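input-v3.txt follows (compact mmCIF, C-alpha atoms and all ligand atoms):
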```
# COMPACT_ATOMS: atom_id res chain seq x y z
CA MET A 40 115.41 139.40 27.97
CA TYR A 41 118.40 137.37 28.97
CA TYR A 42 116.13 134.49 30.09
CA ILE A 43 114.04 134.64 26.90
CA LYS A 44 117.21 134.32 24.85
CA LYS A 45 118.30 131.35 26.95
CA ILE A 46 114.91 129.63 26.56
CA LEU A 47 114.96 130.22 22.79
CA LEU A 48 118.46 128.78 22.56
CA LEU A 49 117.36 125.77 24.59
CA ILE A 50 114.40 125.23 22.24
CA VAL A 51 116.66 125.53 19.18
CA PHE A 52 118.97 122.97 20.75
CA LEU A 53 116.22 120.63 22.00
CA ILE A 54 114.27 120.33 18.75
CA PRO A 55 117.11 118.75 16.70
CA LEU A 56 118.15 116.68 19.72
CA SER A 57 114.69 115.17 20.14
CA LEU A 58 114.40 114.62 16.37
CA MET A 59 117.77 112.89 16.41
CA LEU A 60 116.78 110.71 19.32
CA TYR A 61 113.44 109.83 17.76
CA PHE A 62 114.80 108.86 14.34
CA GLY A 63 117.88 107.34 15.88
CA LYS A 64 115.69 105.09 17.96
CA GLU A 65 113.67 104.14 14.87
CA THR A 66 116.89 103.25 13.06
CA PHE A 67 118.24 101.21 15.92
CA TYR A 68 114.88 99.55 16.35
CA ILE A 69 115.00 98.30 12.76
CA GLU A 70 118.59 97.19 13.17
CA ASP A 71 117.68 95.42 16.38
CA GLN A 72 115.01 93.54 14.51
CA LEU A 73 117.50 92.46 11.84
CA THR A 74 120.17 91.34 14.24
CA ALA A 75 117.92 90.12 17.02
CA GLY A 76 119.31 86.68 17.75
CA ASP A 77 121.03 84.55 15.12
CA PRO A 78 118.34 83.44 12.65
CA TYR A 79 120.26 80.26 11.77
CA ASP A 80 120.92 77.22 13.92
CA TYR A 81 124.31 76.47 12.36
CA HIS A 82 126.87 77.95 10.01
CA PHE A 83 128.42 75.36 7.67
CA VAL A 84 130.96 76.04 4.97
CA LEU A 85 131.38 74.22 1.67
CA ILE A 86 134.88 74.68 0.25
CA THR A 87 134.81 74.03 -3.47
CA GLU A 88 137.58 73.22 -5.91
CA GLU A 89 136.50 76.07 -8.22
CA VAL A 90 133.69 78.49 -7.42
CA GLY A 91 132.29 78.75 -10.96
CA ASN A 92 132.75 75.12 -12.02
CA ASP A 93 129.38 73.70 -13.18
CA TYR A 94 129.94 70.40 -11.42
CA TRP A 95 130.64 72.15 -8.09
CA ARG A 96 127.64 74.41 -8.63
CA LEU A 97 125.50 71.26 -8.57
CA ILE A 98 127.07 70.22 -5.26
CA GLU A 99 126.36 73.72 -3.96
CA GLN A 100 122.74 73.50 -5.15
CA GLY A 101 122.14 70.25 -3.25
CA ALA A 102 123.87 71.57 -0.13
CA LYS A 103 121.89 74.82 -0.17
CA GLU A 104 118.63 72.92 -0.56
CA ALA A 105 119.34 70.85 2.54
CA ALA A 106 120.61 73.92 4.41
CA ALA A 107 117.38 75.81 3.69
CA GLU A 108 115.34 72.86 4.92
CA HIS A 109 117.19 72.70 8.23
CA ASN A 110 117.70 76.39 9.00
CA ILE A 111 121.44 76.26 8.34
CA TYR A 112 123.51 79.07 6.89
CA LEU A 113 125.61 77.52 4.15
CA GLU A 114 128.57 79.45 2.84
CA TYR A 115 130.02 78.33 -0.53
CA ILE A 116 133.62 79.47 -1.03
CA GLY A 117 136.84 78.53 -2.77
CA PRO A 118 139.27 79.63 -5.46
CA LYS A 119 138.13 81.05 -8.82
CA VAL A 120 140.37 78.58 -10.62
CA THR A 121 141.72 75.43 -9.05
CA ASP A 122 144.47 76.29 -6.57
CA ASN A 123 145.51 73.90 -3.79
CA ASP A 124 147.30 76.55 -1.71
CA GLU A 125 144.32 78.86 -1.77
CA ARG A 126 142.06 76.00 -0.76
CA LEU A 127 144.29 75.18 2.23
CA ALA A 128 144.39 78.87 3.24
CA THR A 129 140.57 79.02 3.03
CA LEU A 130 140.30 75.94 5.20
CA ASP A 131 142.57 77.56 7.78
CA ARG A 132 140.54 80.78 7.70
CA MET A 133 137.30 78.91 8.25
CA ILE A 134 138.79 77.14 11.27
CA ALA A 135 139.81 80.54 12.66
CA ALA A 136 136.27 81.81 11.98
CA ASP A 137 135.02 79.01 14.24
CA VAL A 138 132.25 77.83 11.92
CA ASP A 139 130.05 74.89 12.96
CA GLY A 140 131.12 72.49 10.22
CA ILE A 141 133.37 72.35 7.17
CA ILE A 142 132.61 70.29 4.05
CA THR A 143 135.52 70.29 1.64
CA LYS A 144 137.09 68.46 -1.25
CA GLY A 145 139.67 66.17 0.35
CA MET A 146 143.31 66.82 -0.47
CA ASN A 147 146.13 64.40 -0.71
CA ASP A 148 148.41 66.67 1.29
CA GLU A 149 150.08 66.63 4.71
CA ILE A 150 149.02 70.24 5.43
CA PHE A 151 145.43 69.25 4.73
CA SER A 152 145.61 66.50 7.36
CA GLN A 153 147.20 68.90 9.85
CA LEU A 154 144.42 71.44 9.30
CA VAL A 155 141.72 68.81 9.72
CA GLN A 156 143.42 67.85 12.98
CA LYS A 157 143.48 71.51 14.03
CA ALA A 158 139.74 71.81 13.29
CA SER A 159 139.05 68.64 15.21
CA ASN A 160 141.02 69.93 18.23
CA ARG A 161 138.80 73.00 18.20
CA GLY A 162 135.64 70.93 17.98
CA ILE A 163 134.88 71.80 14.34
CA PRO A 164 133.80 68.71 12.36
CA VAL A 165 135.28 68.39 8.87
CA ALA A 166 133.83 66.20 6.12
CA THR A 167 135.30 65.42 2.72
CA ILE A 168 133.15 65.55 -0.39
CA ASP A 169 133.82 64.35 -3.96
CA THR A 170 137.39 63.36 -3.00
CA ASP A 171 138.43 61.73 0.22
CA ASN A 172 141.55 61.73 2.34
CA GLU A 173 140.86 58.72 4.51
CA LYS A 174 144.10 59.18 6.41
CA SER A 175 143.00 62.55 7.78
CA ASP A 176 140.87 63.06 10.85
CA ARG A 177 137.78 63.91 8.76
CA GLN A 178 134.46 62.76 10.19
CA PHE A 179 133.09 61.27 6.99
CA TYR A 180 133.41 61.15 3.21
CA ILE A 181 130.48 61.58 0.85
CA GLY A 182 130.89 61.05 -2.88
CA THR A 183 131.63 58.58 -5.62
CA ASP A 184 133.74 55.49 -5.04
CA ASN A 185 136.34 56.85 -7.42
CA TYR A 186 138.30 53.66 -7.89
CA HIS A 187 135.09 51.88 -8.81
CA ALA A 188 134.06 54.69 -11.18
CA GLY A 189 137.37 54.36 -13.03
CA PHE A 190 136.93 50.60 -13.14
CA LEU A 191 133.48 51.07 -14.71
CA ALA A 192 135.02 53.30 -17.39
CA GLY A 193 137.52 50.55 -18.21
CA GLN A 194 134.84 47.87 -18.38
CA THR A 195 132.74 50.07 -20.66
CA LEU A 196 135.66 50.66 -22.99
CA ILE A 197 136.15 46.89 -23.24
CA GLU A 198 132.44 46.32 -23.90
CA GLN A 199 132.03 49.05 -26.48
CA THR A 200 135.14 48.45 -28.60
CA THR A 201 136.55 45.64 -30.67
CA GLY A 202 140.10 44.99 -31.80
CA GLU A 203 143.32 46.48 -30.51
CA GLN A 204 142.95 49.81 -28.67
CA LYS A 205 145.60 52.35 -27.76
CA VAL A 206 144.19 54.56 -25.03
CA ALA A 207 145.21 57.94 -23.67
CA VAL A 208 143.81 59.28 -20.41
CA ILE A 209 143.31 62.95 -19.60
CA ILE A 210 143.11 63.51 -15.87
CA GLY A 211 142.03 66.75 -14.19
CA LEU A 212 144.96 67.15 -11.83
CA ALA A 213 147.79 64.78 -10.99
CA THR A 214 147.64 65.94 -7.35
CA ALA A 215 143.93 65.09 -6.94
CA GLN A 216 143.28 61.83 -5.14
CA ASN A 217 140.00 61.15 -6.96
CA GLN A 218 141.70 61.50 -10.37
CA LEU A 219 144.43 59.05 -9.37
CA GLU A 220 141.87 56.59 -8.02
CA ARG A 221 139.86 56.77 -11.25
CA LEU A 222 143.02 56.19 -13.29
CA ASN A 223 143.99 53.30 -11.06
CA GLY A 224 140.54 51.66 -11.35
CA PHE A 225 140.60 52.14 -15.11
CA GLN A 226 144.04 50.54 -15.43
CA GLU A 227 142.98 47.53 -13.38
CA ALA A 228 139.86 47.04 -15.49
CA ILE A 229 141.67 47.18 -18.83
CA ALA A 230 144.34 44.81 -17.51
CA ALA A 231 141.69 42.10 -17.95
CA SER A 232 141.86 42.54 -21.72
CA ASN A 233 144.96 41.91 -23.80
CA ARG A 234 143.80 44.12 -26.68
CA ILE A 235 143.83 47.39 -24.70
CA GLU A 236 146.99 49.35 -24.00
CA LEU A 237 147.36 52.60 -22.04
CA VAL A 238 149.79 54.72 -24.06
CA ASP A 239 149.88 58.02 -22.17
CA VAL A 240 148.37 60.17 -19.43
CA ALA A 241 148.13 63.97 -19.52
CA GLU A 242 146.61 66.68 -17.31
CA SER A 243 143.85 69.15 -18.22
CA ASN A 244 144.00 71.34 -15.10
CA ILE A 245 140.25 70.62 -14.98
CA THR A 246 139.54 73.00 -17.88
CA GLU A 247 137.97 72.31 -21.26
CA LEU A 248 140.77 74.22 -22.96
CA GLY A 249 143.41 72.27 -21.04
CA ALA A 250 141.82 68.99 -22.12
CA ALA A 251 141.60 70.18 -25.75
CA GLN A 252 145.27 71.17 -25.80
CA ALA A 253 146.37 67.94 -24.10
CA THR A 254 144.35 65.90 -26.63
CA TYR A 255 145.85 67.78 -29.56
CA GLU A 256 149.39 67.20 -28.23
CA LEU A 257 148.73 63.54 -27.48
CA LEU A 258 147.44 62.93 -31.01
CA LYS A 259 150.50 64.67 -32.39
CA VAL A 260 152.87 62.47 -30.38
CA HIS A 261 150.90 59.21 -30.70
CA SER A 262 149.12 59.24 -34.04
CA ASP A 263 147.94 55.67 -33.35
CA ILE A 264 145.68 56.59 -30.38
CA THR A 265 142.27 54.97 -30.85
CA ALA A 266 140.54 55.87 -27.57
CA PHE A 267 140.41 58.57 -24.90
CA LEU A 268 139.19 58.66 -21.33
CA GLY A 269 138.65 62.01 -19.59
CA THR A 270 138.38 61.70 -15.80
CA SER A 271 137.03 65.12 -14.76
CA ALA A 272 133.82 66.88 -15.71
CA LEU A 273 135.07 69.12 -18.53
CA ASP A 274 137.64 66.73 -20.00
CA GLY A 275 135.20 64.91 -22.30
CA ILE A 276 134.12 68.03 -24.18
CA GLY A 277 137.73 69.24 -24.28
CA ILE A 278 138.79 65.93 -25.82
CA VAL A 279 136.11 66.31 -28.51
CA GLN A 280 137.42 69.80 -29.28
CA GLY A 281 141.05 68.60 -29.44
CA ILE A 282 140.09 65.74 -31.77
CA GLY A 283 138.21 68.25 -33.96
CA GLU A 284 141.30 70.43 -34.24
CA ARG A 285 143.67 67.59 -35.01
CA GLU A 286 141.26 65.81 -37.40
CA PRO A 287 142.61 62.24 -37.20
CA ASP A 288 141.56 59.87 -40.04
CA GLU A 289 139.22 58.02 -37.73
CA ARG A 290 137.42 59.50 -34.72
CA PRO A 291 138.80 57.87 -31.57
CA TYR A 292 136.43 56.28 -29.05
CA VAL A 293 135.74 58.73 -26.18
CA ILE A 294 134.56 58.04 -22.66
CA ALA A 295 133.99 60.94 -20.27
CA PHE A 296 132.98 61.70 -16.70
CA ASP A 297 129.79 63.39 -15.49
CA ILE A 298 126.60 64.44 -17.21
CA LEU A 299 126.95 68.18 -17.59
CA PRO A 300 124.67 69.37 -20.45
CA GLU A 301 127.55 69.76 -22.96
CA THR A 302 128.62 66.17 -22.37
CA VAL A 303 125.08 64.86 -22.79
CA GLU A 304 124.79 66.85 -26.02
CA ALA A 305 128.10 65.44 -27.31
CA ILE A 306 126.88 61.90 -26.59
CA GLU A 307 123.66 62.54 -28.47
CA LYS A 308 125.63 63.95 -31.42
CA GLY A 309 127.86 60.88 -31.40
CA ASN A 310 131.06 62.69 -30.42
CA ILE A 311 131.31 61.00 -27.01
CA ASP A 312 130.50 57.30 -26.67
CA ALA A 313 129.77 57.04 -22.96
CA THR A 314 130.17 58.85 -19.66
CA VAL A 315 130.50 57.83 -16.03
CA VAL A 316 127.70 59.38 -14.01
CA GLN A 317 128.15 61.04 -10.63
CA TYR A 318 125.45 62.59 -8.44
CA PRO A 319 126.88 65.92 -7.26
CA GLU A 320 123.56 67.37 -6.04
CA GLU A 321 122.98 64.34 -3.88
CA MET A 322 126.53 64.62 -2.49
CA GLY A 323 125.86 68.23 -1.49
CA LYS A 324 122.48 67.52 0.05
CA ARG A 325 123.59 64.51 2.05
CA SER A 326 126.80 66.18 3.23
CA VAL A 327 124.75 68.84 5.02
CA GLU A 328 122.33 66.28 6.47
CA LEU A 329 125.20 64.14 7.78
CA MET A 330 126.97 67.16 9.26
CA LEU A 331 123.76 68.00 11.06
CA LYS A 332 123.62 64.46 12.46
CA ILE A 333 127.07 64.98 13.95
CA HIS A 334 125.78 68.06 15.74
CA LYS A 335 122.89 66.02 17.07
CA ASN A 336 125.37 63.44 18.39
CA GLN A 337 124.06 60.74 16.06
CA THR A 338 126.40 58.08 14.75
CA VAL A 339 127.68 58.79 11.26
CA ASN A 340 129.58 56.14 9.30
CA PRO A 341 132.90 57.29 7.86
CA ILE A 342 132.13 56.38 4.23
CA HIS A 343 129.02 57.31 2.21
CA TYR A 344 129.29 56.35 -1.44
CA THR A 345 126.84 57.96 -3.80
CA ASP A 346 125.77 55.95 -6.84
CA THR A 347 127.52 55.78 -10.15
CA GLY A 348 126.71 54.30 -13.54
CA ILE A 349 127.24 54.63 -17.28
CA VAL A 350 125.28 56.80 -19.71
CA LYS A 351 125.38 56.02 -23.43
CA ALA A 352 123.48 57.39 -26.43
CA SER A 353 120.62 54.93 -25.80
CA HIS A 354 119.93 56.72 -22.49
CA ILE A 355 119.45 60.13 -24.11
CA HIS A 356 116.62 61.56 -26.18
CA ASN A 357 116.33 65.24 -27.15
CA GLY A 358 118.97 66.28 -24.65
CA GLU A 359 117.23 64.49 -21.77
CA LEU A 360 118.25 61.38 -19.89
CA ILE A 361 115.45 58.88 -20.42
CA ALA A 362 116.58 55.66 -18.77
CA PRO A 363 117.47 54.80 -15.19
CA ILE A 364 121.21 55.07 -14.91
CA LYS A 365 121.89 54.26 -11.30
CA GLU A 366 123.95 51.18 -11.03
CA GLY A 367 122.33 50.28 -7.73
CA GLU A 368 124.01 47.20 -6.31
CA ARG A 369 127.72 47.65 -6.48
CA PRO A 370 130.33 44.92 -6.09
C1 LIG B 401 135.44 65.65 -10.26
C2 LIG B 401 135.79 66.86 -9.43
C3 LIG B 401 136.37 67.96 -10.27
C4 LIG B 401 135.46 68.25 -11.46
C5 LIG B 401 136.16 69.26 -12.36
C6 LIG B 401 134.60 66.03 -11.45
O1 LIG B 401 134.46 64.89 -12.28
O2 LIG B 401 134.71 64.71 -9.48
O3 LIG B 401 136.73 66.50 -8.45
O4 LIG B 401 136.55 69.12 -9.51
O5 LIG B 401 135.23 67.06 -12.19
O6 LIG B 401 135.37 69.72 -13.38
```
Show this structure as structure tokens.
Ligand code: BGC
Amino acid sequence: MYYIKKILLLIVFLIPLSLMLYFGKETFYIEDQLTAGDPYDYHFVLITEEVGNDYWRLIEQGAKEAAAEHNIYLEYIGPKVTDNDERLATLDRMIAADVDGIITKGMNDEIFSQLVQKASNRGIPVATIDTDNEKSDRQFYIGTDNYHAGFLAGQTLIEQTTGEQKVAVIIGLATAQNQLERLNGFQEAIAASNRIELVDVAESNITELGAAQATYELLKVHSDITAFLGTSALDGIGIVQGIGEREPDERPYVIAFDILPETVEAIEKGNIDATVVQYPEEMGKRSVELMLKIHKNQTVNPIHYTDTGIVKASHIHNGELIAPIKEGERP
């Protein structure tokens, strides 16, 4: 009797144990399949200025396309709203995470250069995109020649206006190197004409609302403003909004940056006169391809300028760009 009891107890114990082992094995088997080896060849990170910004989403799109083509895991991260400190902290975290490559908006900041140096010491290549910091140890820059883009804006203003012009410029951020380069290029271009005067510069904090408020304030202080330039992607539509709220007697001339759908629409409606084109998708795509070249020990030049050009109403029909806008040969 004693032995029968023992055998029964053993059976009661063995049944759940074998079931547990069987299903446990099945579970682990599936997990093994999922984690078996790293499915990607490299892990690159793209650090954006603002995660939800439509312009940066286009850079992300291009980068993800190239990443998918080359079996690369591309992580897209950054602050919700522009924040230099958070961007630096993210860069530091990615270095600590020992990723295979970092593509980031360049920052005009000593800590940025130190972090790029730190990454380089650890064998992590860093590239700048959209905005450079040529003094840092970054491997390459891909993006617009921002000085040239600003210069183009100035030339366009001269071409498209007559008579004396008092211009105000709305820049995204006064700490952003690309914004300062655009402003600089613009100033040099308008210096060639004695009928154009720069009366003020304000910041939008790269938001449409910021640009609208800055425009409203500028028109209040300088009621004689006849033209506006907005040097980041949402400034143009913000300027249009600010002008609408202030209702000056005559609509000022407006030149913007980028071809986000709202800007294209405003050009077609006649609220924006022209915009400087950038190619964010191409920047994203090529940044990943160039980073890959570094991993394959191929030579990569330090500067890769993407094209730029001007879009005016004649280039747009029913919300679509209809004419070639690449400037091609640049001076
Ligand atoms: C600039 C970016 C900026 C974006 C903001 C673009 O024109 O190239 O640096 O982050 O505007 O919307």
Residues near Thr183 of chain A, cut-off 7 Å, only C-alpha atoms, skip fewer than 3 positions along chain, as a PyMOL selection string: chain A and resi 169+317+344-347
Between chain A and ligand LIG 401 (chain B), at 6 Å or less, what are the per-residue closest atom pairs and their distances in Å? Count all atoms listed in the file, order by chain and rising residue number, and return it as JSON lines.
```
{"residue": "A:Glu88", "atom": "CA", "partner": "B:LIG401", "partner_atom": "O4", "distance": 5.6}
{"residue": "A:Tyr94", "atom": "CA", "partner": "B:LIG401", "partner_atom": "O6", "distance": 5.8}
{"residue": "A:Asp169", "atom": "CA", "partner": "B:LIG401", "partner_atom": "O2", "distance": 5.6}
{"residue": "A:Ile245", "atom": "CA", "partner": "B:LIG401", "partner_atom": "C5", "distance": 5.0}
{"residue": "A:Ser271", "atom": "CA", "partner": "B:LIG401", "partner_atom": "O1", "distance": 3.6}
{"residue": "A:Ala272", "atom": "CA", "partner": "B:LIG401", "partner_atom": "O5", "distance": 3.8}
{"residue": "A:Leu273", "atom": "CA", "partner": "B:LIG401", "partner_atom": "O6", "distance": 5.2}
{"residue": "A:Phe296", "atom": "CA", "partner": "B:LIG401", "partner_atom": "O1", "distance": 5.6}
{"residue": "A:Asp297", "atom": "CA", "partner": "B:LIG401", "partner_atom": "O1", "distance": 5.9}
```
Within 12 Å of file point (142.2, 59.0, 8.2), counting all atoms listed in the file, expressed as a ChimeraX atom specification: /A:145-147,149,151-153,155-156,165-167,171-180,341-342
Neighbour list for Arg234 of chain A as number ranges by chain, cut-off 10 Å, all atoms listed in the file, skip fewer than 3 positions in-chain: A: 197, 200-205, 229-231
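Taking atom CA of Leu237 of chain A and atom CA of Val206 of chain A as the two end points, the separation is 4.8 Å.
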Selection near segment 98-114 of chain A, 10 Å with all atoms listed in the file, sequence-local residues under 4 positions removed, as an MDAnalysis selection string: chainID A and resid 78:87 90 93:94 138:142 168:169 318:328 331
Atoms kept (C-alpha atoms) for selection, written as a compact mmCIF listing (two decimals), in the coordinates of the input:
```txt
# COMPACT_ATOMS: atom_id res chain seq x y z
CA PRO A 78 118.34 83.44 12.65
CA TYR A 79 120.26 80.26 11.77
CA ASP A 80 120.92 77.22 13.92
CA TYR A 81 124.31 76.47 12.36
CA HIS A 82 126.87 77.95 10.01
CA PHE A 83 128.42 75.36 7.67
CA VAL A 84 130.96 76.04 4.97
CA LEU A 85 131.38 74.22 1.67
CA ILE A 86 134.88 74.68 0.25
CA THR A 87 134.81 74.03 -3.47
CA VAL A 90 133.69 78.49 -7.42
CA ASP A 93 129.38 73.70 -13.18
CA TYR A 94 129.94 70.40 -11.42
CA VAL A 138 132.25 77.83 11.92
CA ASP A 139 130.05 74.89 12.96
CA GLY A 140 131.12 72.49 10.22
CA ILE A 141 133.37 72.35 7.17
CA ILE A 142 132.61 70.29 4.05
CA ILE A 168 133.15 65.55 -0.39
CA ASP A 169 133.82 64.35 -3.96
CA TYR A 318 125.45 62.59 -8.44
CA PRO A 319 126.88 65.92 -7.26
CA GLU A 320 123.56 67.37 -6.04
CA GLU A 321 122.98 64.34 -3.88
CA MET A 322 126.53 64.62 -2.49
CA GLY A 323 125.86 68.23 -1.49
CA LYS A 324 122.48 67.52 0.05
CA ARG A 325 123.59 64.51 2.05
CA SER A 326 126.80 66.18 3.23
CA VAL A 327 124.75 68.84 5.02
CA GLU A 328 122.33 66.28 6.47
CA LEU A 331 123.76 68.00 11.06
```
Fix up segment 254-273 of chain A with N, CA, C and O atoms, then write it as an mmCIF file, keeping the file's coordinate frame.
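File produced: rebuild-v1.cif:
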```
data_model
loop_
_atom_site.group_PDB
_atom_site.id
_atom_site.type_symbol
_atom_site.label_atom_id
_atom_site.label_comp_id
_atom_site.auth_asym_id
_atom_site.auth_seq_id
_atom_site.Cartn_x
_atom_site.Cartn_y
_atom_site.Cartn_z
ATOM 1 N N THR A 254 144.785 66.877 -25.610
ATOM 2 C CA THR A 254 144.350 65.900 -26.630
ATOM 3 C C THR A 254 145.103 66.135 -27.937
ATOM 4 O O THR A 254 145.604 65.201 -28.571
ATOM 5 N N TYR A 255 145.165 67.402 -28.317
ATOM 6 C CA TYR A 255 145.850 67.780 -29.560
ATOM 7 C C TYR A 255 147.307 67.300 -29.526
ATOM 8 O O TYR A 255 147.810 66.675 -30.462
ATOM 9 N N GLU A 256 147.983 67.588 -28.392
ATOM 10 C CA GLU A 256 149.390 67.200 -28.230
ATOM 11 C C GLU A 256 149.548 65.678 -28.241
ATOM 12 O O GLU A 256 150.463 65.143 -28.880
ATOM 13 N N LEU A 257 148.643 65.007 -27.550
ATOM 14 C CA LEU A 257 148.730 63.540 -27.480
ATOM 15 C C LEU A 257 148.583 62.920 -28.875
ATOM 16 O O LEU A 257 149.319 61.999 -29.242
ATOM 17 N N LEU A 258 147.653 63.469 -29.649
ATOM 18 C CA LEU A 258 147.440 62.930 -31.010
ATOM 19 C C LEU A 258 148.635 63.217 -31.912
ATOM 20 O O LEU A 258 148.912 62.471 -32.852
ATOM 21 N N LYS A 259 149.313 64.311 -31.606
ATOM 22 C CA LYS A 259 150.500 64.670 -32.390
ATOM 23 C C LYS A 259 151.626 63.671 -32.086
ATOM 24 O O LYS A 259 152.300 63.177 -32.984
ATOM 25 N N VAL A 260 151.786 63.373 -30.796
ATOM 26 C CA VAL A 260 152.870 62.470 -30.380
ATOM 27 C C VAL A 260 152.550 61.005 -30.697
ATOM 28 O O VAL A 260 153.408 60.249 -31.140
ATOM 29 N N HIS A 261 151.302 60.599 -30.449
ATOM 30 C CA HIS A 261 150.900 59.210 -30.700
ATOM 31 C C HIS A 261 149.780 59.216 -31.746
ATOM 32 O O HIS A 261 148.608 59.260 -31.385
ATOM 33 N N SER A 262 150.159 59.158 -32.995
ATOM 34 C CA SER A 262 149.120 59.240 -34.040
ATOM 35 C C SER A 262 148.273 57.959 -34.075
ATOM 36 O O SER A 262 147.234 57.914 -34.748
ATOM 37 N N ASP A 263 148.698 56.932 -33.332
ATOM 38 C CA ASP A 263 147.940 55.670 -33.350
ATOM 39 C C ASP A 263 146.918 55.552 -32.214
ATOM 40 O O ASP A 263 146.330 54.495 -32.013
ATOM 41 N N ILE A 264 146.683 56.655 -31.469
ATOM 42 C CA ILE A 264 145.680 56.590 -30.380
ATOM 43 C C ILE A 264 144.306 56.284 -30.974
ATOM 44 O O ILE A 264 143.882 56.900 -31.955
ATOM 45 N N THR A 265 143.608 55.323 -30.345
ATOM 46 C CA THR A 265 142.270 54.970 -30.850
ATOM 47 C C THR A 265 141.178 55.274 -29.834
ATOM 48 O O THR A 265 139.991 55.153 -30.144
ATOM 49 N N ALA A 266 141.568 55.608 -28.589
ATOM 50 C CA ALA A 266 140.540 55.870 -27.570
ATOM 51 C C ALA A 266 141.050 56.856 -26.527
ATOM 52 O O ALA A 266 142.251 56.913 -26.252
ATOM 53 N N PHE A 267 140.093 57.615 -25.964
ATOM 54 C CA PHE A 267 140.410 58.570 -24.900
ATOM 55 C C PHE A 267 139.470 58.360 -23.721
ATOM 56 O O PHE A 267 138.282 58.081 -23.910
ATOM 57 N N LEU A 268 140.030 58.566 -22.528
ATOM 58 C CA LEU A 268 139.190 58.660 -21.330
ATOM 59 C C LEU A 268 139.503 60.017 -20.696
ATOM 60 O O LEU A 268 140.675 60.382 -20.546
ATOM 61 N N GLY A 269 138.465 60.742 -20.312
ATOM 62 C CA GLY A 269 138.650 62.010 -19.590
ATOM 63 C C GLY A 269 138.067 61.827 -18.197
ATOM 64 O O GLY A 269 136.896 61.466 -18.064
ATOM 65 N N THR A 270 138.862 62.064 -17.143
ATOM 66 C CA THR A 270 138.380 61.700 -15.800
ATOM 67 C C THR A 270 137.853 62.864 -14.957
ATOM 68 O O THR A 270 137.577 62.690 -13.783
ATOM 69 N N SER A 271 137.740 64.072 -15.517
ATOM 70 C CA SER A 271 137.030 65.120 -14.760
ATOM 71 C C SER A 271 135.982 65.757 -15.666
ATOM 72 O O SER A 271 136.006 65.569 -16.886
ATOM 73 N N ALA A 272 135.068 66.511 -15.046
ATOM 74 C CA ALA A 272 133.820 66.880 -15.710
ATOM 75 C C ALA A 272 133.928 67.599 -17.055
ATOM 76 O O ALA A 272 133.042 67.474 -17.897
ATOM 77 N N LEU A 273 134.985 68.374 -17.277
ATOM 78 C CA LEU A 273 135.070 69.120 -18.530
ATOM 79 C C LEU A 273 136.027 68.480 -19.537
ATOM 80 O O LEU A 273 136.197 68.981 -20.658
#
```
